[in-house]
$ cat protein.txt   # compact mmCIF, C-alpha atoms
# COMPACT_ATOMS: atom_id res chain seq x y z
CA MET A 1 -12.95 -30.57 -11.49
CA THR A 2 -15.51 -27.72 -11.45
CA ASP A 3 -17.14 -28.98 -8.28
CA ARG A 4 -13.78 -28.78 -6.46
CA ILE A 5 -12.56 -25.46 -7.87
CA LYS A 6 -14.92 -22.51 -7.50
CA ASP A 7 -13.46 -19.23 -8.75
CA HIS A 8 -16.08 -16.53 -8.18
CA SER A 9 -13.73 -13.61 -8.83
CA LYS A 10 -15.17 -11.06 -11.22
CA GLU A 11 -13.17 -9.52 -14.03
CA ILE A 12 -10.76 -7.20 -12.26
CA SER A 13 -8.98 -4.35 -13.99
CA THR A 14 -5.31 -5.04 -14.66
CA ILE A 15 -4.50 -1.56 -16.04
CA ARG A 16 -5.18 1.96 -14.75
CA LYS A 17 -4.39 5.42 -16.04
CA ALA A 18 -2.01 7.60 -14.05
CA ALA A 19 -1.44 11.30 -14.73
CA CYS A 20 2.28 12.00 -15.13
CA GLN A 21 4.53 14.86 -16.13
CA LYS A 22 6.85 13.95 -18.97
CA VAL A 23 9.99 16.08 -18.86
CA GLU A 24 11.89 16.40 -22.14
CA ARG A 25 15.61 17.02 -22.19
CA GLY A 26 15.03 20.27 -24.01
CA GLY A 27 12.98 21.56 -21.06
CA GLU A 28 9.46 20.93 -22.35
CA VAL A 29 7.05 19.47 -19.78
CA LEU A 30 4.05 17.51 -20.98
CA VAL A 31 1.11 16.12 -18.98
CA VAL A 32 0.37 12.57 -20.09
CA ASN A 33 -1.90 9.74 -18.95
CA GLU A 34 0.28 6.67 -18.56
CA ASP A 35 -0.99 3.07 -18.49
CA VAL A 36 0.23 1.36 -15.31
CA VAL A 37 -0.25 -2.22 -14.15
CA CYS A 38 -2.56 -2.77 -11.15
CA GLU A 39 -1.43 -4.33 -7.87
CA HIS A 40 -3.78 -6.81 -6.21
CA GLU A 41 -3.69 -8.40 -2.74
CA LEU A 42 -4.58 -12.08 -2.35
CA GLU A 43 -4.77 -13.89 1.00
CA ILE A 44 -4.62 -17.69 0.76
CA SER A 45 -5.63 -19.93 3.66
CA VAL A 46 -5.09 -23.68 3.75
CA ASN A 47 -7.26 -25.86 5.98
CA GLY A 48 -8.34 -22.73 7.85
CA MET A 49 -4.80 -21.46 8.51
CA PRO A 50 -3.13 -18.44 6.85
CA ALA A 51 -0.73 -19.77 4.21
CA PHE A 52 0.29 -16.95 1.85
CA ARG A 53 -0.17 -13.24 1.33
CA LEU A 54 0.54 -12.38 -2.29
CA THR A 55 0.85 -9.09 -4.12
CA CYS A 56 0.03 -9.99 -7.69
CA THR A 57 -1.61 -9.03 -10.95
CA PRO A 58 -5.37 -9.72 -10.70
CA GLU A 59 -5.78 -12.39 -13.39
CA HIS A 60 -5.42 -16.18 -13.55
CA LEU A 61 -5.91 -16.35 -9.77
CA LYS A 62 -6.84 -20.03 -9.59
CA GLU A 63 -3.70 -20.89 -11.55
CA LEU A 64 -1.67 -18.75 -9.17
CA VAL A 65 -3.11 -20.44 -6.07
CA LEU A 66 -2.66 -23.99 -7.38
CA GLY A 67 0.82 -23.27 -8.70
CA ARG A 68 1.91 -21.71 -5.43
CA LEU A 69 0.61 -24.70 -3.44
CA LEU A 70 2.67 -27.03 -5.64
CA THR A 71 5.89 -24.98 -5.75
CA ALA A 72 5.74 -24.44 -1.99
CA GLY A 73 5.55 -28.18 -1.41
CA LEU A 74 2.06 -28.19 0.13
CA ILE A 75 0.65 -30.46 -2.58
CA ARG A 76 2.11 -32.97 -5.03
CA GLY A 77 -0.72 -32.80 -7.54
CA LEU A 78 -4.28 -31.68 -8.19
CA GLU A 79 -5.59 -34.77 -6.44
CA ASP A 80 -4.37 -33.31 -3.12
CA VAL A 81 -6.84 -30.40 -3.39
CA GLU A 82 -10.29 -31.25 -2.09
CA HIS A 83 -11.68 -27.73 -2.50
CA LEU A 84 -10.58 -24.30 -3.73
CA PHE A 85 -12.79 -21.23 -3.32
CA ILE A 86 -11.92 -17.72 -4.51
CA CYS A 87 -14.24 -14.88 -3.44
CA GLY A 88 -15.96 -12.46 -5.79
CA GLU A 89 -13.45 -9.67 -5.22
CA GLY A 90 -10.54 -12.03 -5.75
CA ASN A 91 -8.93 -11.06 -2.44
CA ILE A 92 -9.49 -14.29 -0.50
CA ALA A 93 -8.75 -17.88 -1.52
CA GLU A 94 -9.68 -20.77 0.77
CA VAL A 95 -8.14 -24.18 0.18
CA ARG A 96 -8.95 -27.50 1.77
CA LEU A 97 -6.44 -30.29 1.26
CA ARG A 98 -7.06 -34.00 1.50
CA GLU A 99 -6.69 -35.59 4.88
CA GLY A 100 -3.20 -36.72 5.83
CA ILE A 101 -1.13 -33.92 4.26
CA GLN A 102 1.41 -32.67 6.77
CA MET A 103 2.16 -28.95 7.10
CA GLN A 104 4.30 -26.89 9.42
CA ASP A 105 4.36 -23.23 10.39
CA PHE A 106 6.87 -21.19 8.47
CA SER A 107 7.06 -17.41 8.70
CA GLY A 108 9.09 -15.74 5.99
CA SER A 109 9.04 -14.03 2.62
CA GLU A 110 10.14 -14.85 -0.89
CA PRO A 111 13.88 -14.19 -0.53
CA THR A 112 14.35 -12.65 -3.99
CA CYS A 113 10.80 -11.42 -4.62
CA CYS A 114 10.13 -7.73 -5.21
CA THR A 115 6.44 -7.80 -4.27
CA GLY A 116 6.50 -8.36 -0.50
CA ASN A 117 4.88 -11.81 -0.75
CA ARG A 118 4.84 -13.76 2.49
CA GLN A 119 4.53 -17.47 3.28
CA TYR A 120 3.22 -18.78 6.60
CA LEU A 121 2.96 -22.53 6.00
CA GLN A 122 5.57 -24.92 4.67
CA GLY A 123 5.10 -28.30 3.08
CA ASN A 124 7.37 -31.23 2.33
CA GLU A 125 11.06 -30.35 2.82
CA LYS A 126 12.30 -32.72 0.13
CA LEU A 127 12.14 -31.12 -3.31
CA ARG A 128 12.11 -34.36 -5.29
CA GLU A 129 12.65 -38.04 -4.62
CA GLU A 130 14.91 -38.68 -7.62
CA PRO A 131 16.95 -36.33 -9.86
CA PHE A 132 15.65 -35.53 -13.33
CA SER A 133 17.16 -37.30 -16.32
CA ALA A 134 16.11 -34.73 -18.89
CA ALA A 135 18.19 -34.04 -21.96
CA VAL A 136 18.83 -30.59 -23.38
CA PRO A 137 16.03 -29.67 -25.83
CA GLU A 138 16.76 -29.28 -29.51
CA PRO A 139 18.14 -25.78 -30.21
CA GLU A 140 15.20 -24.89 -32.45
CA VAL A 141 12.76 -25.51 -29.58
CA ILE A 142 14.62 -23.04 -27.37
CA PHE A 143 14.91 -20.45 -30.14
CA ARG A 144 11.17 -20.72 -30.81
CA MET A 145 10.45 -20.11 -27.12
CA ALA A 146 12.66 -17.02 -27.28
CA GLU A 147 10.85 -15.85 -30.41
CA HIS A 148 7.51 -16.35 -28.68
CA PHE A 149 8.78 -14.19 -25.82
CA ARG A 150 10.00 -11.47 -28.18
CA LYS A 151 6.45 -11.01 -29.50
CA ASP A 152 5.70 -9.71 -25.99
CA SER A 153 2.71 -10.32 -23.74
CA ALA A 154 -0.40 -8.18 -23.56
CA LEU A 155 0.11 -6.36 -20.25
CA HIS A 156 3.83 -5.83 -20.72
CA LYS A 157 3.28 -4.44 -24.20
CA ILE A 158 1.00 -1.74 -22.75
CA THR A 159 2.62 -1.01 -19.38
CA GLY A 160 6.18 -2.37 -19.49
CA GLY A 161 5.56 -3.40 -15.86
CA THR A 162 5.24 -7.18 -15.76
CA HIS A 163 7.26 -10.38 -15.81
CA SER A 164 6.24 -13.26 -18.03
CA CYS A 165 6.44 -17.03 -17.84
CA TYR A 166 5.64 -19.38 -20.69
CA VAL A 167 4.85 -23.06 -20.28
CA ARG A 168 5.39 -25.39 -23.24
CA PHE A 169 3.45 -28.65 -23.12
CA GLY A 170 4.72 -31.90 -24.55
CA ASP A 171 2.57 -31.46 -27.67
CA GLY A 172 4.21 -28.10 -28.42
CA ARG A 173 1.42 -25.83 -27.19
CA ILE A 174 2.59 -22.70 -25.40
CA LEU A 175 0.59 -20.72 -22.83
CA SER A 176 1.78 -17.38 -21.48
CA PHE A 177 1.20 -15.77 -18.08
CA GLU A 178 2.09 -12.37 -16.64
CA ASP A 179 2.44 -10.85 -13.21
CA ILE A 180 4.22 -8.01 -11.46
CA GLY A 181 6.40 -10.66 -9.79
CA ARG A 182 8.37 -13.35 -11.61
CA HIS A 183 7.60 -15.89 -8.85
CA ASN A 184 3.87 -15.35 -9.36
CA ALA A 185 4.13 -15.58 -13.16
CA LEU A 186 5.93 -18.93 -12.86
CA ASP A 187 3.34 -20.19 -10.37
CA LYS A 188 0.52 -19.27 -12.77
CA ALA A 189 2.22 -21.28 -15.52
CA VAL A 190 2.60 -24.25 -13.15
CA GLY A 191 -1.05 -23.93 -12.10
CA ALA A 192 -2.13 -24.04 -15.73
CA LEU A 193 -0.14 -27.24 -16.19
CA LEU A 194 -2.03 -28.75 -13.25
CA LEU A 195 -5.44 -27.67 -14.57
CA GLU A 196 -4.65 -29.00 -18.04
CA GLU A 197 -3.57 -32.29 -16.39
CA GLU A 198 -0.47 -32.36 -18.59
CA ASP A 199 2.66 -34.38 -17.83
CA PRO A 200 5.17 -32.03 -16.14
CA LEU A 201 8.10 -34.21 -17.26
CA ALA A 202 7.24 -33.37 -20.88
CA ALA A 203 6.94 -29.64 -20.18
CA MET A 204 9.37 -26.75 -19.98
CA LEU A 205 9.23 -23.21 -18.60
CA TYR A 206 10.57 -19.95 -20.03
CA THR A 207 10.81 -17.03 -17.58
CA SER A 208 11.64 -13.40 -18.20
CA GLY A 209 13.33 -13.02 -14.81
CA ARG A 210 16.64 -13.93 -13.26
CA VAL A 211 17.01 -17.42 -11.83
CA PRO A 212 18.24 -17.67 -8.24
CA ALA A 213 17.85 -20.83 -6.18
CA ASP A 214 14.25 -20.14 -5.15
CA MET A 215 13.10 -20.02 -8.78
CA VAL A 216 14.94 -23.27 -9.53
CA GLU A 217 13.30 -24.79 -6.45
CA LYS A 218 9.85 -23.97 -7.83
CA ALA A 219 10.54 -25.79 -11.10
CA ILE A 220 11.91 -28.82 -9.25
CA ARG A 221 8.88 -29.04 -6.94
CA ALA A 222 6.59 -28.71 -9.94
CA GLY A 223 8.31 -31.70 -11.56
CA ILE A 224 9.31 -29.70 -14.65
CA PRO A 225 12.81 -30.72 -15.76
CA ILE A 226 13.71 -27.80 -18.06
CA LEU A 227 13.84 -24.14 -17.01
CA ILE A 228 14.79 -21.49 -19.55
CA SER A 229 15.38 -17.82 -18.79
CA LYS A 230 15.88 -14.69 -20.82
CA SER A 231 17.96 -13.44 -17.89
CA VAL A 232 20.83 -14.78 -15.77
CA PRO A 233 21.23 -17.42 -13.04
CA THR A 234 22.97 -17.14 -9.69
CA ASP A 235 25.64 -19.51 -8.42
CA ARG A 236 23.23 -21.14 -5.97
CA GLY A 237 20.62 -21.47 -8.70
CA ILE A 238 23.10 -23.38 -10.87
CA LEU A 239 24.24 -25.61 -7.98
CA LEU A 240 20.68 -26.53 -7.01
CA ALA A 241 19.77 -27.28 -10.63
CA LYS A 242 22.82 -29.56 -10.96
CA GLU A 243 21.98 -31.34 -7.70
CA TYR A 244 18.53 -32.31 -9.00
CA GLY A 245 19.43 -32.83 -12.65
CA LEU A 246 17.34 -29.87 -13.84
CA THR A 247 18.36 -28.50 -17.23
CA LEU A 248 18.91 -24.77 -16.70
CA ILE A 249 19.28 -22.59 -19.78
CA CYS A 250 19.84 -18.84 -19.43
CA ARG A 251 20.41 -15.75 -21.58
CA ALA A 252 18.06 -17.38 -24.08
CA ARG A 253 17.65 -15.12 -27.09
CA GLU A 254 16.64 -15.72 -30.69
CA ASP A 255 20.26 -16.25 -31.76
CA SER A 256 22.02 -17.82 -28.74
CA TYR A 257 21.65 -19.26 -25.24
CA TRP A 258 23.78 -20.53 -22.35
CA ILE A 259 23.49 -24.09 -20.99
CA THR A 260 24.53 -23.71 -17.35
CA THR A 261 24.05 -27.26 -16.03
CA ARG A 262 25.87 -29.52 -18.52

$ encode --input "protein.txt" --output "structure tokens"
Amino acid sequence: MTDRIKDHSKEISTIRKAACQKVERGGEVLVVNEDVVCEHELEISVNGMPAFRLTCTPEHLKELVLGRLLTAGLIRGLEDVEHLFICGEGNIAEVRLREGIQMQDFSGSEPTCCTGNRQYLQGNEKLREEPFSAAVPEPEVIFRMAEHFRKDSALHKITGGTHSCYVRFGDGRILSFEDIGRHNALDKAVGALLLEEEDPLAAMLYTSGRVPADMVEKAIRAGIPILISKSVPTDRGILLAKEYGLTLICRAREDSYWITTR
């Protein structure tokens, strides 16, 4: 693994201080130093061609790159990646895929993303060969995921400026990832699943963001049959989840949740 994935990025600051004026309703004005989350630019090339330009939070970059390759349909698994190199500044990622993988040009942006991410290459059009046959998890599993989310994640606790995505493995372990964009946070969680070489069919995702069709598409491409959200779905998100048999659960809190696909 280590000979194929070379992440040379140094530790990059994820938080900066910003001087702000805090205006009280009573008229008092205070000067405060606020913690704000850092934006980071990452250019990803695949086989020498520009593939993605991402605005992200500068941590877990290898997970982000691998997850994005999978959820964009450029790879089907870690075995498709011959080499991944991330430079010392963490601004450039170069990927070489195994011979025989077909790609096509595709100029566009994440339709519901708030970070200005752009995609230039497109992979396999088909999201999945067969629909999922996953059952709805036990209620206690979902409530525990919601409780885990309520404890908050490190960057969001300090800045209030990130989305989160949690991946639960089949053995019950939960890893959490943050980013300024919910698409990126989900991709980091998917990338971690790849690096851990865990079975995606036994995993589930919990996202802090809303769930339109493009977020559902990412889970389907990743082979993860259960997607849970603290927020709400869209009509197209529900329809796509039903088409592929993905279990979509939304408005997941510690005391209730909605099952939108059964």

$ residues_around --input "protein.txt" --residues "Gly100 of chain A" --least-positions-apart "6" --cutoff "12 Å" --atoms "only C-alpha atoms" --output "count of residues only"
6

$ closest_atom_pairs --input "protein.txt" --of "segment 100-199 of chain A" --to "segment 29-36 of chain A" --cutoff "12 Å" --atoms "all atoms listed in the file" --output "JSON lines"
{"residue": "A:Leu155", "atom": "CA", "partner": "A:Val36", "partner_atom": "CA", "distance": 9.2}
{"residue": "A:His156", "atom": "CA", "partner": "A:Val36", "partner_atom": "CA", "distance": 9.7}
{"residue": "A:Lys157", "atom": "CA", "partner": "A:Asp35", "partner_atom": "CA", "distance": 10.4}
{"residue": "A:Ile158", "atom": "CA", "partner": "A:Asp35", "partner_atom": "CA", "distance": 6.7}
{"residue": "A:Thr159", "atom": "CA", "partner": "A:Val36", "partner_atom": "CA", "distance": 5.3}
{"residue": "A:Gly160", "atom": "CA", "partner": "A:Val36", "partner_atom": "CA", "distance": 8.2}
{"residue": "A:Gly161", "atom": "CA", "partner": "A:Val36", "partner_atom": "CA", "distance": 7.2}
{"residue": "A:Thr162", "atom": "CA", "partner": "A:Val36", "partner_atom": "CA", "distance": 9.9}
{"residue": "A:Ile180", "atom": "CA", "partner": "A:Val36", "partner_atom": "CA", "distance": 10.9}

$ atom_distance --input "protein.txt" --atom1 "atom CA of His183 of chain A" --atom2 "atom CA of Asp3 of chain A"
28.0 Å

$ residues_around --input "protein.txt" --residues "segment 231-239 of chain A" --least-positions-apart "4" --cutoff "12 Å" --atoms "only C-alpha atoms" --output "ChimeraX atom specification"
/A:112,146,163-164,182,206-220,227,243-253,257-262

$ atom_distance --input "protein.txt" --atom1 "atom CA of Asn184 of chain A" --atom2 "atom CA of Gln102 of chain A"
23.8 Å

$ residues_around --input "protein.txt" --residues "Arg168 of chain A" --least-positions-apart "2" --cutoff "7 Å" --atoms "only C-alpha atoms" --output "ChimeraX atom specification"
/A:166,170,172-175,203-205

$ residues_around --input "protein.txt" --residues "Leu84 of chain A" --least-positions-apart "3" --cutoff "6 Å" --atoms "only C-alpha atoms" --output "list in words"
Ile5, Glu94 and Val95 of chain A

$ atom_distance --input "protein.txt" --atom1 "atom CA of Leu97 of chain A" --atom2 "atom CA of Val46 of chain A"
7.2 Å

$ closest_residue --input "protein.txt" --among "A:Glu99, A:Gly77, A:Ile142, A:Lys151" --to "Asp199 of chain A" --atoms "all atoms listed in the file"
A:Gly77

$ decode --input "protein.txt" --residues "segment 134-149 of chain A" --atoms "all heavy atoms" --output "compact mmCIF listing (two decimals), in the first residue's frame"
# COMPACT_ATOMS: atom_id res chain seq x y z
N ALA A 134 -30.18 -4.16 0.94
CA ALA A 134 -29.93 -3.89 2.35
C ALA A 134 -31.23 -3.69 3.12
O ALA A 134 -32.20 -3.12 2.60
CB ALA A 134 -29.06 -2.65 2.50
N ALA A 135 -31.25 -4.16 4.34
CA ALA A 135 -32.38 -3.93 5.22
C ALA A 135 -32.14 -2.65 6.01
O ALA A 135 -31.03 -2.13 6.07
CB ALA A 135 -32.55 -5.11 6.17
N VAL A 136 -33.21 -2.14 6.62
CA VAL A 136 -33.08 -0.98 7.49
C VAL A 136 -32.34 -1.40 8.76
O VAL A 136 -32.66 -2.44 9.35
CB VAL A 136 -34.47 -0.41 7.85
CG1 VAL A 136 -34.34 0.75 8.82
CG2 VAL A 136 -35.20 0.03 6.58
N PRO A 137 -31.33 -0.63 9.20
CA PRO A 137 -30.61 -1.01 10.42
C PRO A 137 -31.53 -1.00 11.64
O PRO A 137 -32.60 -0.38 11.63
CB PRO A 137 -29.54 0.10 10.54
CG PRO A 137 -29.52 0.79 9.23
CD PRO A 137 -30.85 0.61 8.61
N GLU A 138 -31.09 -1.65 12.68
CA GLU A 138 -31.81 -1.61 13.94
C GLU A 138 -31.88 -0.16 14.43
O GLU A 138 -30.91 0.59 14.29
CB GLU A 138 -31.11 -2.46 14.99
CG GLU A 138 -31.23 -3.95 14.75
CD GLU A 138 -32.67 -4.44 14.88
OE1 GLU A 138 -33.39 -3.94 15.76
OE2 GLU A 138 -33.06 -5.32 14.07
N PRO A 139 -33.01 0.26 15.00
CA PRO A 139 -33.14 1.65 15.45
C PRO A 139 -32.01 2.11 16.35
O PRO A 139 -31.52 3.24 16.22
CB PRO A 139 -34.49 1.65 16.19
CG PRO A 139 -35.28 0.57 15.52
CD PRO A 139 -34.28 -0.49 15.18
N GLU A 140 -31.54 1.25 17.24
CA GLU A 140 -30.51 1.65 18.19
C GLU A 140 -29.21 2.02 17.48
O GLU A 140 -28.47 2.90 17.93
CB GLU A 140 -30.26 0.54 19.21
CG GLU A 140 -29.39 0.95 20.39
CD GLU A 140 -29.95 2.14 21.15
OE1 GLU A 140 -31.18 2.30 21.24
OE2 GLU A 140 -29.12 2.93 21.67
N VAL A 141 -28.93 1.36 16.35
CA VAL A 141 -27.72 1.68 15.57
C VAL A 141 -27.82 3.11 15.04
O VAL A 141 -26.86 3.88 15.10
CB VAL A 141 -27.53 0.68 14.42
CG1 VAL A 141 -26.40 1.13 13.49
CG2 VAL A 141 -27.24 -0.71 14.97
N ILE A 142 -28.98 3.46 14.51
CA ILE A 142 -29.17 4.80 13.96
C ILE A 142 -29.11 5.85 15.07
O ILE A 142 -28.47 6.90 14.92
CB ILE A 142 -30.52 4.88 13.21
CG1 ILE A 142 -30.52 3.86 12.07
CG2 ILE A 142 -30.77 6.29 12.67
CD1 ILE A 142 -31.86 3.68 11.40
N PHE A 143 -29.76 5.57 16.19
CA PHE A 143 -29.73 6.52 17.30
C PHE A 143 -28.31 6.72 17.83
O PHE A 143 -27.92 7.83 18.20
CB PHE A 143 -30.66 6.05 18.42
CG PHE A 143 -32.12 6.13 18.07
CD1 PHE A 143 -32.99 5.09 18.40
CD2 PHE A 143 -32.64 7.22 17.39
CE1 PHE A 143 -34.34 5.16 18.08
CE2 PHE A 143 -33.99 7.29 17.06
CZ PHE A 143 -34.84 6.26 17.41
N ARG A 144 -27.52 5.66 17.84
CA ARG A 144 -26.14 5.80 18.31
C ARG A 144 -25.31 6.65 17.34
O ARG A 144 -24.45 7.42 17.77
CB ARG A 144 -25.50 4.42 18.48
CG ARG A 144 -25.94 3.70 19.75
CD ARG A 144 -25.30 2.34 19.86
NE ARG A 144 -25.79 1.62 21.05
CZ ARG A 144 -25.55 0.34 21.28
NH1 ARG A 144 -24.83 -0.36 20.40
NH2 ARG A 144 -26.01 -0.23 22.38
N MET A 145 -25.57 6.50 16.04
CA MET A 145 -24.90 7.36 15.07
C MET A 145 -25.27 8.82 15.31
O MET A 145 -24.42 9.72 15.24
CB MET A 145 -25.28 6.94 13.65
CG MET A 145 -24.74 5.60 13.21
SD MET A 145 -22.98 5.63 12.78
CE MET A 145 -23.06 6.32 11.13
N ALA A 146 -26.55 9.08 15.58
CA ALA A 146 -26.99 10.44 15.85
C ALA A 146 -26.36 10.98 17.13
O ALA A 146 -25.99 12.16 17.20
CB ALA A 146 -28.51 10.48 15.94
N GLU A 147 -26.23 10.13 18.13
CA GLU A 147 -25.59 10.55 19.38
C GLU A 147 -24.12 10.87 19.15
O GLU A 147 -23.59 11.84 19.69
CB GLU A 147 -25.71 9.44 20.43
CG GLU A 147 -27.11 9.28 20.99
CD GLU A 147 -27.25 8.03 21.85
OE1 GLU A 147 -26.23 7.32 22.01
OE2 GLU A 147 -28.37 7.78 22.33
N HIS A 148 -23.46 10.06 18.32
CA HIS A 148 -22.06 10.30 17.98
C HIS A 148 -21.93 11.66 17.31
O HIS A 148 -21.01 12.43 17.60
CB HIS A 148 -21.56 9.19 17.06
CG HIS A 148 -20.07 9.12 16.95
ND1 HIS A 148 -19.29 8.35 17.79
CD2 HIS A 148 -19.21 9.74 16.11
CE1 HIS A 148 -18.02 8.49 17.48
NE2 HIS A 148 -17.94 9.32 16.45
N PHE A 149 -22.87 11.98 16.42
CA PHE A 149 -22.85 13.27 15.73
C PHE A 149 -23.06 14.41 16.71
O PHE A 149 -22.43 15.47 16.60
CB PHE A 149 -23.93 13.30 14.64
CG PHE A 149 -24.04 14.63 13.95
CD1 PHE A 149 -23.17 14.98 12.95
CD2 PHE A 149 -25.02 15.54 14.34
CE1 PHE A 149 -23.26 16.22 12.32
CE2 PHE A 149 -25.13 16.77 13.72
CZ PHE A 149 -24.25 17.11 12.70
